[in-house]
>>> print(open('entry_16.cif').read())   # mmCIF, C-alpha atoms
data_structure
loop_
_atom_site.label_atom_id
_atom_site.label_comp_id
_atom_site.auth_asym_id
_atom_site.auth_seq_id
_atom_site.Cartn_x
_atom_site.Cartn_y
_atom_site.Cartn_z
CA MET A 1 5.15 -4.51 22.38
CA LYS A 2 7.59 -2.22 24.09
CA LYS A 3 11.12 -1.93 23.03
CA SER A 4 13.63 0.02 24.93
CA LEU A 5 16.15 2.05 23.08
CA LYS A 6 18.84 -0.13 24.36
CA THR A 7 17.49 -3.40 23.02
CA SER A 8 16.62 -1.80 19.71
CA PHE A 9 20.09 -0.54 19.44
CA VAL A 10 21.56 -3.91 20.22
CA ALA A 11 19.21 -5.63 17.80
CA SER A 12 20.04 -3.13 15.11
CA LEU A 13 23.71 -3.52 15.73
CA ALA A 14 23.36 -7.25 15.48
CA ALA A 15 21.42 -6.80 12.27
CA PHE A 16 24.12 -4.55 10.96
CA VAL A 17 26.78 -7.12 11.61
CA LEU A 18 24.61 -9.86 10.16
CA LEU A 19 23.91 -7.82 7.08
CA GLY A 20 27.47 -6.96 6.42
CA PHE A 21 28.31 -10.59 6.73
CA ALA A 22 25.49 -11.81 4.57
CA MET A 23 25.51 -9.35 1.74
CA ALA A 24 28.38 -10.53 -0.40
CA PRO A 25 27.78 -14.26 -0.61
CA ALA A 26 24.04 -13.86 -0.87
CA ALA A 27 24.35 -11.43 -3.71
CA GLU A 28 26.49 -13.88 -5.53
CA ALA A 29 24.03 -16.65 -4.91
CA ALA A 30 21.28 -14.49 -6.33
CA ARG A 31 23.16 -14.16 -9.57
CA GLY A 32 23.76 -17.86 -9.69
CA GLY A 33 20.12 -18.46 -8.98
CA GLY A 34 20.90 -20.95 -6.26
CA GLY A 35 22.19 -21.04 -2.74
CA GLY A 36 20.24 -19.38 -0.03
CA ALA A 37 19.07 -16.38 -1.95
CA ARG A 38 15.38 -16.23 -2.42
CA ALA A 39 13.82 -14.48 -5.31
CA ALA A 40 11.68 -11.87 -3.70
CA GLY A 41 9.70 -11.53 -6.83
CA GLY A 42 7.47 -8.62 -7.47
CA GLY A 43 3.97 -7.58 -7.24
CA GLY A 44 3.23 -6.53 -10.71
CA GLY A 45 -0.45 -7.18 -10.83
CA GLY A 46 -2.05 -7.30 -14.20
CA GLY A 47 0.89 -8.93 -15.85
CA ALA A 48 3.19 -5.97 -15.52
CA SER A 49 6.59 -7.17 -16.53
CA ARG A 50 8.63 -4.27 -15.19
CA GLN A 51 9.95 -4.77 -11.71
CA VAL A 52 9.40 -2.08 -9.17
CA ASN A 53 12.64 -0.69 -7.84
CA ASN A 54 12.40 1.19 -4.59
CA SER A 55 16.09 1.55 -3.92
CA SER A 56 15.92 5.30 -4.48
CA ARG A 57 13.06 5.81 -2.09
CA ASP A 58 13.73 8.19 0.77
CA ALA A 59 13.76 6.48 4.15
CA ARG A 60 11.26 9.06 5.39
CA ALA A 61 8.66 7.51 3.12
CA ASN A 62 8.69 4.47 5.38
CA ASN A 63 8.28 6.42 8.56
CA VAL A 64 4.55 5.93 8.82
CA ARG A 65 2.63 6.99 11.91
CA ASN A 66 -0.85 6.15 10.68
CA THR A 67 -2.80 5.00 7.66
CA SER A 68 -6.19 5.18 6.08
CA VAL A 69 -8.68 2.40 6.77
CA ASN A 70 -10.55 0.51 4.09
CA ASN A 71 -13.52 -1.01 5.79
CA VAL A 72 -16.31 0.44 7.84
CA ASN A 73 -17.04 -2.75 9.75
CA SER A 74 -13.54 -3.39 10.96
CA SER A 75 -12.51 -4.00 14.51
CA ARG A 76 -9.26 -2.31 13.58
CA ASN A 77 -10.75 1.07 12.92
CA VAL A 78 -11.19 1.86 16.48
CA SER A 79 -7.85 2.76 17.85
CA ARG A 80 -4.40 2.95 16.57
CA ASP A 81 -1.51 3.74 18.76
CA VAL A 82 -0.03 6.82 17.24
CA ASN A 83 1.76 8.10 20.28
CA ILE A 84 5.38 7.61 19.68
CA ASP A 85 7.50 8.62 22.56
CA ARG A 86 10.78 9.19 20.86
CA ASP A 87 12.82 9.81 23.95
CA VAL A 88 12.54 6.71 26.00
CA ASN A 89 10.34 3.87 24.91
CA ILE A 90 9.29 3.21 21.40
CA ASP A 91 5.89 1.71 21.35
CA VAL A 92 5.95 -0.69 18.48
CA ASP A 93 2.26 -1.37 18.46
CA VAL A 94 2.09 -2.37 14.87
CA ASP A 95 -0.27 -5.18 15.67
CA HIS A 96 -3.24 -2.88 15.43
CA GLY A 97 -1.67 -0.49 13.01
CA HIS A 98 -1.48 -3.14 10.36
CA GLY A 99 -5.00 -3.63 9.28
CA GLY A 100 -5.98 -2.76 5.78
CA TRP A 101 -5.53 -5.24 2.97
CA ASP A 102 -3.60 -2.61 1.03
CA HIS A 103 -1.06 -2.11 3.80
CA ASP A 104 1.63 -4.05 2.12
CA TYR A 105 3.99 -1.38 3.29
CA HIS A 106 5.16 -2.47 6.67
CA PRO A 107 4.84 0.44 9.05
CA VAL A 108 8.38 1.04 10.12
CA ALA A 109 7.29 4.28 11.60
CA THR A 110 7.90 3.49 15.07
CA ALA A 111 11.52 2.80 14.39
CA ALA A 112 12.16 6.50 14.86
CA VAL A 113 15.69 7.44 14.22
CA ILE A 114 18.22 5.92 16.47
CA ALA A 115 21.65 7.44 16.29
CA GLY A 116 24.09 5.43 14.26
CA THR A 117 21.56 2.92 13.02
CA ALA A 118 19.23 5.18 11.08
CA ALA A 119 20.11 3.52 7.82
CA LEU A 120 19.10 0.18 9.10
CA ILE A 121 15.42 -0.05 9.66
CA GLY A 122 13.88 0.91 6.37
CA SER A 123 16.98 0.17 4.38
CA ILE A 124 16.85 -1.91 1.24
CA VAL A 125 18.84 -5.04 0.57
CA TYR A 126 18.91 -7.23 -2.50
CA SER A 127 19.17 -10.57 -0.80
CA ILE A 128 18.90 -12.12 2.62
CA PRO A 129 20.76 -14.80 4.54
CA PRO A 130 19.84 -18.39 3.71
CA SER A 131 18.82 -19.12 7.29
CA CYS A 132 15.80 -16.83 7.20
CA VAL A 133 12.40 -18.28 7.92
CA PRO A 134 9.37 -17.03 6.00
CA ILE A 135 6.32 -16.17 8.09
CA ASN A 136 2.94 -14.94 7.00
CA TYR A 137 1.83 -12.21 9.33
CA GLY A 138 -1.33 -10.28 8.61
CA GLY A 139 -1.39 -11.66 5.11
CA MET A 140 2.09 -10.42 4.31
CA ILE A 141 5.20 -12.50 3.97
CA TYR A 142 8.13 -11.62 6.18
CA GLN A 143 11.52 -13.20 6.44
CA GLN A 144 12.74 -13.61 9.97
CA CYS A 145 16.48 -13.89 10.28
CA GLY A 146 17.23 -14.06 13.97
CA SER A 147 16.29 -10.68 15.35
CA THR A 148 16.18 -9.06 11.94
CA TRP A 149 13.03 -8.99 9.87
CA TYR A 150 12.74 -8.34 6.19
CA GLN A 151 9.78 -7.69 4.00
CA PRO A 152 9.97 -8.38 0.29
CA GLN A 153 9.34 -5.32 -1.86
CA GLY A 154 9.56 -5.87 -5.53
CA ALA A 155 12.87 -7.58 -6.14
CA GLN A 156 14.36 -6.21 -2.95
CA TYR A 157 13.87 -6.52 0.76
CA ILE A 158 13.29 -3.80 3.26
CA VAL A 159 14.54 -4.12 6.80
CA VAL A 160 11.55 -3.69 9.12
CA ASN A 161 10.68 -3.76 12.77
CA PRO A 162 9.52 -7.10 14.05
CA PRO A 163 5.85 -7.23 13.03
CA TYR A 164 4.82 -8.75 16.35
CA MET B 165 -4.29 45.69 26.08
CA ILE B 166 -5.76 47.48 23.10
CA PRO B 167 -3.77 50.49 21.90
CA LYS B 168 -5.82 53.68 22.11
CA LYS B 169 -5.50 54.37 18.41
CA LEU B 170 -7.11 51.09 17.56
CA ALA B 171 -10.05 51.35 19.91
CA PRO B 172 -12.38 53.36 17.64
CA ALA B 173 -11.63 51.09 14.73
CA LEU B 174 -12.42 48.08 16.83
CA ALA B 175 -15.66 49.61 18.00
CA LEU B 176 -16.62 50.19 14.39
CA LEU B 177 -15.71 46.63 13.52
CA ALA B 178 -17.81 45.32 16.39
CA LEU B 179 -20.73 47.40 15.18
CA SER B 180 -20.41 46.19 11.62
CA LEU B 181 -20.27 42.62 12.86
CA ALA B 182 -23.29 43.16 15.05
CA ILE B 183 -25.55 44.42 12.28
CA PRO B 184 -25.69 41.27 10.19
CA SER B 185 -26.17 39.16 13.27
CA VAL B 186 -29.14 41.26 14.30
CA TYR B 187 -30.45 40.88 10.82
CA ALA B 188 -29.92 37.14 10.94
CA GLN B 189 -31.91 36.87 14.12
CA THR B 190 -34.88 38.67 12.71
CA ALA B 191 -34.75 37.11 9.25
CA PRO B 192 -36.98 34.14 8.60
CA ALA B 193 -35.12 31.00 9.68
CA ALA B 194 -35.87 29.26 6.45
CA THR B 195 -32.44 28.46 5.06
CA VAL B 196 -30.35 26.93 7.82
CA GLN B 197 -32.28 24.80 10.19
CA PRO B 198 -30.69 22.36 12.55
CA THR B 199 -32.09 18.94 11.80
CA GLY B 200 -33.96 17.37 14.65
CA ASN B 201 -32.38 14.01 14.05
CA ALA B 202 -28.66 13.74 13.29
CA VAL B 203 -29.22 10.22 12.09
CA ASP B 204 -31.47 10.43 9.06
CA PRO B 205 -33.58 7.25 9.17
CA ALA B 206 -33.91 7.13 5.38
CA SER B 207 -30.13 6.99 5.00
CA ILE B 208 -29.93 4.08 7.42
CA GLU B 209 -32.75 2.41 5.53
CA ALA B 210 -30.77 2.79 2.31
CA LEU B 211 -27.84 0.96 3.92
CA LYS B 212 -30.14 -1.81 5.09
CA ASN B 213 -31.66 -2.20 1.65
CA MET B 214 -28.23 -2.33 0.05
CA GLY B 215 -27.05 -4.89 2.61
CA ALA B 216 -30.12 -7.05 2.03
CA HIS B 217 -29.59 -6.89 -1.72
CA LEU B 218 -25.90 -7.78 -1.40
CA GLN B 219 -26.85 -10.86 0.59
CA THR B 220 -29.11 -12.05 -2.25
CA LEU B 221 -26.20 -12.16 -4.72
CA LYS B 222 -25.09 -15.77 -4.95
CA ARG B 223 -22.48 -15.85 -7.66
CA PHE B 224 -20.66 -12.74 -8.73
CA GLN B 225 -17.42 -10.96 -9.37
CA VAL B 226 -16.52 -7.67 -7.82
CA SER B 227 -13.35 -5.72 -8.30
CA THR B 228 -12.05 -2.63 -6.62
CA GLU B 229 -9.42 -0.01 -7.09
CA LEU B 230 -8.31 1.61 -3.91
CA THR B 231 -6.35 4.74 -3.16
CA GLY B 232 -5.08 4.80 0.39
CA GLU B 233 -2.93 7.16 2.39
CA ARG B 234 -0.06 6.81 4.80
CA VAL B 235 0.73 9.56 7.27
CA LEU B 236 4.42 10.12 7.82
CA ALA B 237 5.92 11.05 11.15
CA ASP B 238 5.59 14.79 10.54
CA GLY B 239 2.04 14.66 9.19
CA GLN B 240 2.90 14.66 5.50
CA LYS B 241 0.75 12.18 3.58
CA LEU B 242 1.64 9.76 0.81
CA GLN B 243 -0.92 8.11 -1.42
CA HIS B 244 -0.71 4.61 -2.77
CA THR B 245 -2.94 2.46 -4.91
CA ALA B 246 -3.92 -1.18 -4.83
CA ALA B 247 -6.52 -3.32 -6.56
CA ALA B 248 -8.43 -6.49 -5.82
CA ASP B 249 -10.59 -8.89 -7.80
CA LEU B 250 -12.96 -11.28 -6.09
CA ASN B 251 -14.79 -14.32 -7.39
CA VAL B 252 -17.60 -15.20 -5.03
CA TYR B 253 -20.03 -18.09 -4.68
CA ARG B 254 -22.14 -17.84 -1.58
CA PRO B 255 -22.42 -19.05 1.00
CA ASN B 256 -18.86 -20.26 1.42
CA LYS B 257 -16.58 -19.99 -1.59
CA LEU B 258 -14.32 -17.15 -2.50
CA ARG B 259 -11.13 -16.32 -4.32
CA ALA B 260 -9.63 -12.88 -3.87
CA ARG B 261 -6.58 -11.54 -5.65
CA MET B 262 -4.94 -8.41 -4.31
CA HIS B 263 -2.34 -6.68 -6.38
CA SER B 264 -0.23 -3.57 -6.26
CA SER B 265 3.23 -2.53 -7.31
CA ARG B 266 4.47 -3.92 -4.01
CA SER B 267 2.90 -7.32 -3.84
CA GLU B 268 0.47 -9.82 -5.22
CA ARG B 269 -1.51 -12.06 -2.90
CA GLU B 270 -4.47 -14.37 -2.99
CA ILE B 271 -7.02 -15.63 -0.50
CA ILE B 272 -8.75 -18.82 -1.55
CA TYR B 273 -11.59 -20.40 0.39
CA ASP B 274 -13.42 -23.56 -0.63
CA GLY B 275 -15.66 -23.89 2.40
CA LYS B 276 -13.20 -26.13 4.25
CA HIS B 277 -9.77 -24.58 3.90
CA ALA B 278 -8.71 -20.97 3.71
CA THR B 279 -5.40 -20.42 1.97
CA LEU B 280 -3.25 -17.33 1.72
CA TYR B 281 -0.96 -17.51 -1.28
CA THR B 282 1.88 -15.30 -2.46
CA PRO B 283 2.52 -16.28 -6.09
CA ALA B 284 5.85 -14.47 -6.48
CA GLN B 285 7.53 -16.58 -3.84
CA LYS B 286 5.12 -19.51 -4.03
CA TYR B 287 4.48 -19.33 -0.31
CA TYR B 288 1.17 -20.53 0.99
CA SER B 289 -0.51 -20.88 4.37
CA THR B 290 -3.62 -22.95 4.84
CA VAL B 291 -5.94 -23.05 7.82
CA GLU B 292 -9.01 -25.20 8.28
CA PHE B 293 -12.24 -23.32 8.57
CA THR B 294 -15.91 -23.95 8.05
CA GLY B 295 -18.36 -21.13 7.94
CA ASP B 296 -19.83 -18.63 5.57
CA LEU B 297 -17.97 -15.74 4.01
CA GLY B 298 -18.99 -13.24 6.68
CA GLU B 299 -17.66 -15.54 9.39
CA LEU B 300 -14.47 -16.15 7.46
CA ILE B 301 -13.83 -12.44 7.12
CA VAL B 302 -14.36 -11.78 10.82
CA LYS B 303 -12.17 -14.71 11.80
CA LEU B 304 -9.32 -13.84 9.43
CA GLU B 305 -9.20 -10.34 10.79
CA GLU B 306 -9.55 -11.22 14.46
CA LYS B 307 -7.30 -14.22 14.60
CA TYR B 308 -4.78 -13.54 11.87
CA ALA B 309 -4.92 -9.77 11.30
CA VAL B 310 -5.69 -10.49 7.67
CA GLN B 311 -8.15 -8.11 6.10
CA MET B 312 -10.26 -9.14 3.17
CA PRO B 313 -10.65 -6.58 0.41
CA LEU B 314 -14.21 -5.25 0.31
CA ALA B 315 -14.96 -6.95 3.62
CA ASP B 316 -17.90 -4.62 4.12
CA MET B 317 -19.64 -6.07 1.07
CA PHE B 318 -19.95 -9.35 2.94
CA LEU B 319 -20.82 -7.92 6.34
CA TRP B 320 -23.51 -5.45 5.40
CA GLY B 321 -26.83 -7.21 5.74
CA THR B 322 -25.49 -9.42 8.55
CA PRO B 323 -25.44 -8.86 12.32
CA ALA B 324 -21.67 -8.18 12.09
CA ALA B 325 -22.48 -4.83 10.47
CA SER B 326 -24.27 -2.88 13.11
CA PHE B 327 -25.74 0.49 12.26
CA ASP B 328 -26.16 1.34 15.94
CA LYS B 329 -22.76 2.98 16.09
CA ILE B 330 -23.66 5.56 13.48
CA GLU B 331 -23.85 8.95 15.14
CA SER B 332 -24.70 10.97 12.08
CA ALA B 333 -26.29 9.97 8.78
CA MET B 334 -27.31 12.15 5.88
CA ASN B 335 -28.33 12.04 2.27
CA ALA B 336 -25.78 14.04 0.28
CA GLY B 337 -27.71 14.03 -2.99
CA GLN B 338 -27.09 12.18 -6.21
CA ASP B 339 -23.96 11.71 -8.26
CA TYR B 340 -22.67 9.65 -11.17
CA ILE B 341 -20.10 6.94 -10.70
CA ASP B 342 -19.08 6.06 -14.24
CA ASP B 343 -22.46 5.94 -15.96
CA ASP B 344 -24.42 4.82 -12.92
CA LEU B 345 -26.66 7.27 -11.16
CA CYS B 346 -26.05 6.85 -7.44
CA ASP B 347 -27.41 8.10 -4.14
CA HIS B 348 -24.67 9.60 -2.04
CA TYR B 349 -24.80 9.18 1.74
CA ALA B 350 -22.46 10.37 4.48
CA PHE B 351 -22.02 8.91 7.95
CA ARG B 352 -20.01 9.49 11.10
CA GLN B 353 -19.21 6.87 13.69
CA ALA B 354 -16.45 6.56 16.28
CA ASN B 355 -13.17 7.57 14.65
CA ILE B 356 -14.33 7.44 11.07
CA ASP B 357 -16.37 9.50 8.66
CA TRP B 358 -17.53 7.57 5.66
CA GLN B 359 -19.38 8.13 2.43
CA ILE B 360 -21.01 5.70 0.10
CA TRP B 361 -22.44 5.95 -3.40
CA ILE B 362 -25.20 3.39 -4.01
CA THR B 363 -26.85 2.85 -7.38
CA THR B 364 -30.39 4.21 -7.37
CA GLY B 365 -33.30 1.88 -7.91
CA SER B 366 -34.51 -1.47 -6.65
CA LYS B 367 -31.15 -3.28 -6.94
CA PRO B 368 -28.85 -1.08 -4.89
CA LEU B 369 -25.14 -1.80 -5.28
CA PRO B 370 -22.31 0.19 -3.71
CA ARG B 371 -20.08 1.79 -6.35
CA LYS B 372 -17.81 3.98 -4.26
CA LEU B 373 -16.73 4.08 -0.64
CA VAL B 374 -14.68 6.81 1.02
CA ILE B 375 -13.45 6.44 4.59
CA THR B 376 -11.79 9.24 6.51
CA ASN B 377 -9.81 8.19 9.54
CA ARG B 378 -10.26 10.88 12.18
CA SER B 379 -7.99 9.24 14.74
CA ASP B 380 -5.08 11.16 13.24
CA GLU B 381 -5.15 14.92 12.69
CA ALA B 382 -3.88 14.37 9.15
CA ARG B 383 -7.11 12.44 8.46
CA PRO B 384 -5.82 9.76 6.12
CA GLN B 385 -8.51 8.78 3.65
CA SER B 386 -9.21 5.77 1.48
CA VAL B 387 -11.21 5.82 -1.73
CA SER B 388 -12.51 2.54 -3.15
CA LEU B 389 -14.29 2.23 -6.47
CA MET B 390 -16.23 -0.96 -7.10
CA GLU B 391 -17.26 -2.74 -10.30
CA TRP B 392 -19.79 -5.56 -10.24
CA ASN B 393 -20.32 -8.47 -12.59
CA LEU B 394 -23.45 -10.38 -11.61
CA LYS B 395 -23.18 -12.82 -14.52
CA PRO B 396 -19.71 -14.26 -14.05
CA THR B 397 -18.27 -17.12 -16.09
CA PHE B 398 -15.74 -18.54 -13.64
CA LYS B 399 -15.76 -22.25 -12.82
CA ASP B 400 -16.02 -23.74 -9.33
CA SER B 401 -12.45 -25.00 -9.67
CA VAL B 402 -11.17 -21.47 -8.99
CA PHE B 403 -12.03 -21.99 -5.32
CA LYS B 404 -9.76 -24.99 -4.97
CA PHE B 405 -6.14 -24.37 -4.05
CA THR B 406 -3.59 -26.97 -5.04
CA PRO B 407 -0.04 -25.95 -4.17
CA PRO B 408 1.89 -25.52 -7.40
CA LYS B 409 5.15 -27.33 -7.91
CA GLY B 410 7.88 -25.86 -5.75
CA ALA B 411 5.48 -24.11 -3.41
CA THR B 412 6.42 -23.86 0.26
CA ALA B 413 4.06 -24.01 3.22
CA VAL B 414 4.59 -21.08 5.57
CA GLU B 415 3.34 -20.54 9.10
CA LEU B 416 0.44 -18.12 9.37
CA HIS B 417 1.06 -16.21 12.54
CA SER B 418 -1.91 -16.11 14.86
CA THR B 419 -2.40 -12.92 16.82
CA ASP B 420 -3.26 -15.07 19.84
CA LYS B 421 0.41 -15.79 20.12
CA LYS B 422 2.67 -13.02 21.20
#
>>> encode(input="entry_16.cif", output="structure tokens")
Amino acid sequence: MKKSLKTSFVASLAAFVLLGFAMAPAAEAARGGGGGARAAGGGGGGGASRQVNNSSRDARANNVRNTSVNNVNSSRNVSRDVNIDRDVNIDVDVDHGHGGWDHDYHPVATAAVIAGTAALIGSIVYSIPPSCVPINYGGMIYQQCGSTWYQPQGAQYIVVNPPY
Amino acid sequence: MIPKKLAPALALLALSLAIPSVYAQTAPAATVQPTGNAVDPASIEALKNMGAHLQTLKRFQVSTELTGERVLADGQKLQHTAAADLNVYRPNKLRARMHSSRSEREIIYDGKHATLYTPAQKYYSTVEFTGDLGELIVKLEEKYAVQMPLADMFLWGTPAASFDKIESAMNAGQDYIDDDLCDHYAFRQANIDWQIWITTGSKPLPRKLVITNRSDEARPQSVSLMEWNLKPTFKDSVFKFTPPKGATAVELHSTDKK
């Protein structure tokens, strides 16, 4: 999937506007436990009761160009597109970069840093608009809200590139 | 250009380097000998034996703890951990639970339906499927980009796990994993180097798997430790998924669609 800078920028801008619009009412709804806010819920395997909070995590930690693989007999071992041409086209080939069962971090790598929108992809929000549609892609739940995609992380959501 | 002052020193250095190499040539070539066969047949045989033994296990539990790595844009690496527990009843029943600080997910297969479930949000996706566990694993990965934890454990010993691609195989000696004495083997194929620790003896079980991804110069590596319970007490009902109250069906995106 190829994305030109221009469309990314427009999409990000749209997301920015959407976010700004959605934040306040959704946050309120979350407190009330109703409305459109969805409880992202946490991982917390093994009955851990403490919620993971990633709001302090540096955005660079999401800028993933490659990952380890977990299985020998995997069709996904073969090639991963790690060539990111930062100047012109951003090759968002996450389809094949999203293989291992432990990759519950969405690779937002390819988002690179686009002037003025850097905070967007990879940024954390506490709630999402009520119109979002959940989709299971690669075993992970995403929330698609128009052109903006979110992935639940602990009790928050991270803004990610479209997974496909 | 070599400065004149340095030339004698360099000549001396060259001489001192030459002496051991002359010595090495004349010394008996006992210690370092290139092996005739890069693929040690006994190491491949060990994999085959392990695969055959895995296929004989009908009802078992296996759990794994995995440490994986992500390579950031500048080559710096971050480690993360995840765990999975699997209840298995061959040929066609499985329940896998994957958990980490980021998420908790389940894959449930009763021989007719495969369900992906996210308990935190009560989202589930069910697809119809008939086939054994090896076929399920291949299909989930190919069609839905969903990878089963410990997928190799179900593919070794089947045609889906070909050893033909192995370019190098060697026995790396013995080692303990917990209290189990294991044979340690190392392999290279395509973009990966991998190592496996298999319990010694007539019932070989994999206890540790390390995979190094060579497609990136940072060589991200995964380490999986495995625990086996061959006398499990789970009931068959664990393989049946009934959506809990308030659960929502969610589309499972097929990679066929773009």
>>> residues_around(input="entry_16.cif", residues="range 220-228 of chain B", least_positions_apart="4", cutoff="7 Å", atoms="all atoms listed in the file", output="list in words")
Ala216, Ala247, Ala248, Asp249, Leu250, Asn251, Val252, Tyr253, Arg254, Ser388, Leu389, Met390, Glu391, Trp392, Asn393, Leu394, Lys395 and Pro396 of chain B
>>> residues_around(input="entry_16.cif", residues="Leu280 in chain B", least_positions_apart="2", cutoff="7 Å", atoms="only C-alpha atoms", output="number ranges by chain")
A: 139; B: 270-272, 278, 282, 288-290
>>> closest_atom_pairs(input="entry_16.cif", of="chain B", to="chain A", cutoff="6 Å", atoms="all atoms listed in the file", output="JSON lines")
{"residue": "B:Gly232", "atom": "CA", "partner": "A:Ser68", "partner_atom": "CA", "distance": 5.8}
{"residue": "B:Glu233", "atom": "CA", "partner": "A:Ser68", "partner_atom": "CA", "distance": 5.3}
{"residue": "B:Arg234", "atom": "CA", "partner": "A:Thr67", "partner_atom": "CA", "distance": 4.4}
{"residue": "B:Val235", "atom": "CA", "partner": "A:Asn66", "partner_atom": "CA", "distance": 5.1}
{"residue": "B:Leu236", "atom": "CA", "partner": "A:Val64", "partner_atom": "CA", "distance": 4.3}
{"residue": "B:Ala237", "atom": "CA", "partner": "A:Arg65", "partner_atom": "CA", "distance": 5.3}
{"residue": "B:His263", "atom": "CA", "partner": "A:Gly45", "partner_atom": "CA", "distance": 4.9}
{"residue": "B:Ser264", "atom": "CA", "partner": "A:Gly45", "partner_atom": "CA", "distance": 5.8}
{"residue": "B:Ser265", "atom": "CA", "partner": "A:Gly43", "partner_atom": "CA", "distance": 5.1}
{"residue": "B:Arg266", "atom": "CA", "partner": "A:Gly43", "partner_atom": "CA", "distance": 4.9}
{"residue": "B:Ser267", "atom": "CA", "partner": "A:Gly43", "partner_atom": "CA", "distance": 3.6}
{"residue": "B:Glu268", "atom": "CA", "partner": "A:Gly43", "partner_atom": "CA", "distance": 4.6}
{"residue": "B:Ala284", "atom": "CA", "partner": "A:Gly41", "partner_atom": "CA", "distance": 4.9}
{"residue": "B:Tyr308", "atom": "CA", "partner": "A:Gly138", "partner_atom": "CA", "distance": 5.8}
{"residue": "B:Ala309", "atom": "CA", "partner": "A:Gly138", "partner_atom": "CA", "distance": 4.5}
{"residue": "B:Val310", "atom": "CA", "partner": "A:Gly138", "partner_atom": "CA", "distance": 4.5}
{"residue": "B:Gln311", "atom": "CA", "partner": "A:Trp101", "partner_atom": "CA", "distance": 5.0}
{"residue": "B:Pro313", "atom": "CA", "partner": "A:Trp101", "partner_atom": "CA", "distance": 5.9}
{"residue": "B:Asp316", "atom": "CA", "partner": "A:Asn71", "partner_atom": "CA", "distance": 5.9}
{"residue": "B:Ala325", "atom": "CA", "partner": "A:Asn73", "partner_atom": "CA", "distance": 5.9}
{"residue": "B:Asn377", "atom": "CA", "partner": "A:Ser68", "partner_atom": "CA", "distance": 5.8}
{"residue": "B:Pro384", "atom": "CA", "partner": "A:Ser68", "partner_atom": "CA", "distance": 4.6}
{"residue": "B:Gln385", "atom": "CA", "partner": "A:Ser68", "partner_atom": "CA", "distance": 4.9}
{"residue": "B:Ser386", "atom": "CA", "partner": "A:Ser68", "partner_atom": "CA", "distance": 5.5}
{"residue": "B:Val414", "atom": "CA", "partner": "A:Ile135", "partner_atom": "CA", "distance": 5.8}
{"residue": "B:Glu415", "atom": "CA", "partner": "A:Ile135", "partner_atom": "CA", "distance": 5.4}
{"residue": "B:Leu416", "atom": "CA", "partner": "A:Asn136", "partner_atom": "CA", "distance": 4.7}
{"residue": "B:His417", "atom": "CA", "partner": "A:Tyr137", "partner_atom": "CA", "distance": 5.2}
>>> write_last_selection(input="entry_16.cif", atoms="C-alpha atoms", output="PDB file, in the frame of the given file")
ATOM      1  CA  GLY B 232      -5.080   4.800   0.390  1.00  0.00           C
ATOM      2  CA  GLU B 233      -2.930   7.160   2.390  1.00  0.00           C
ATOM      3  CA  ARG B 234      -0.060   6.810   4.800  1.00  0.00           C
ATOM      4  CA  VAL B 235       0.730   9.560   7.270  1.00  0.00           C
ATOM      5  CA  LEU B 236       4.420  10.120   7.820  1.00  0.00           C
ATOM      6  CA  ALA B 237       5.920  11.050  11.150  1.00  0.00           C
ATOM      7  CA  HIS B 263      -2.340  -6.680  -6.380  1.00  0.00           C
ATOM      8  CA  SER B 264      -0.230  -3.570  -6.260  1.00  0.00           C
ATOM      9  CA  SER B 265       3.230  -2.530  -7.310  1.00  0.00           C
ATOM     10  CA  ARG B 266       4.470  -3.920  -4.010  1.00  0.00           C
ATOM     11  CA  SER B 267       2.900  -7.320  -3.840  1.00  0.00           C
ATOM     12  CA  GLU B 268       0.470  -9.820  -5.220  1.00  0.00           C
ATOM     13  CA  ALA B 284       5.850 -14.470  -6.480  1.00  0.00           C
ATOM     14  CA  TYR B 308      -4.780 -13.540  11.870  1.00  0.00           C
ATOM     15  CA  ALA B 309      -4.920  -9.770  11.300  1.00  0.00           C
ATOM     16  CA  VAL B 310      -5.690 -10.490   7.670  1.00  0.00           C
ATOM     17  CA  GLN B 311      -8.150  -8.110   6.100  1.00  0.00           C
ATOM     18  CA  PRO B 313     -10.650  -6.580   0.410  1.00  0.00           C
ATOM     19  CA  ASP B 316     -17.900  -4.620   4.120  1.00  0.00           C
ATOM     20  CA  ALA B 325     -22.480  -4.830  10.470  1.00  0.00           C
ATOM     21  CA  ASN B 377      -9.810   8.190   9.540  1.00  0.00           C
ATOM     22  CA  PRO B 384      -5.820   9.760   6.120  1.00  0.00           C
ATOM     23  CA  GLN B 385      -8.510   8.780   3.650  1.00  0.00           C
ATOM     24  CA  SER B 386      -9.210   5.770   1.480  1.00  0.00           C
ATOM     25  CA  VAL B 414       4.590 -21.080   5.570  1.00  0.00           C
ATOM     26  CA  GLU B 415       3.340 -20.540   9.100  1.00  0.00           C
ATOM     27  CA  LEU B 416       0.440 -18.120   9.370  1.00  0.00           C
ATOM     28  CA  HIS B 417       1.060 -16.210  12.540  1.00  0.00           C
TER      29      HIS B 417
END
>>> residues_near_point(input="entry_16.cif", point="(-16.4, -23.7, 8.6)", cutoff="9 Å", atoms="only C-alpha atoms", output="list in words")
Asn256, Gly275, Lys276, His277, Glu292, Phe293, Thr294, Gly295, Asp296, Glu299 and Leu300 of chain B
>>> resolve_selection(input="entry_16.cif", expression="the PyMOL selection byres ((chain B and resi 339-350) around 6)", output="list in words")
Ala333, Met334, Asn335, Ala336, Gly337, Gln338, Phe351, Trp358, Gln359, Ile360, Trp361, Ile362, Thr363 and Thr364 of chain B
>>> residues_around(input="entry_16.cif", residues="Gln156 in chain A", least_positions_apart="6", cutoff="7 Å", atoms="only C-alpha atoms", output="VMD selection string")
chain A and resid 40 124 to 127
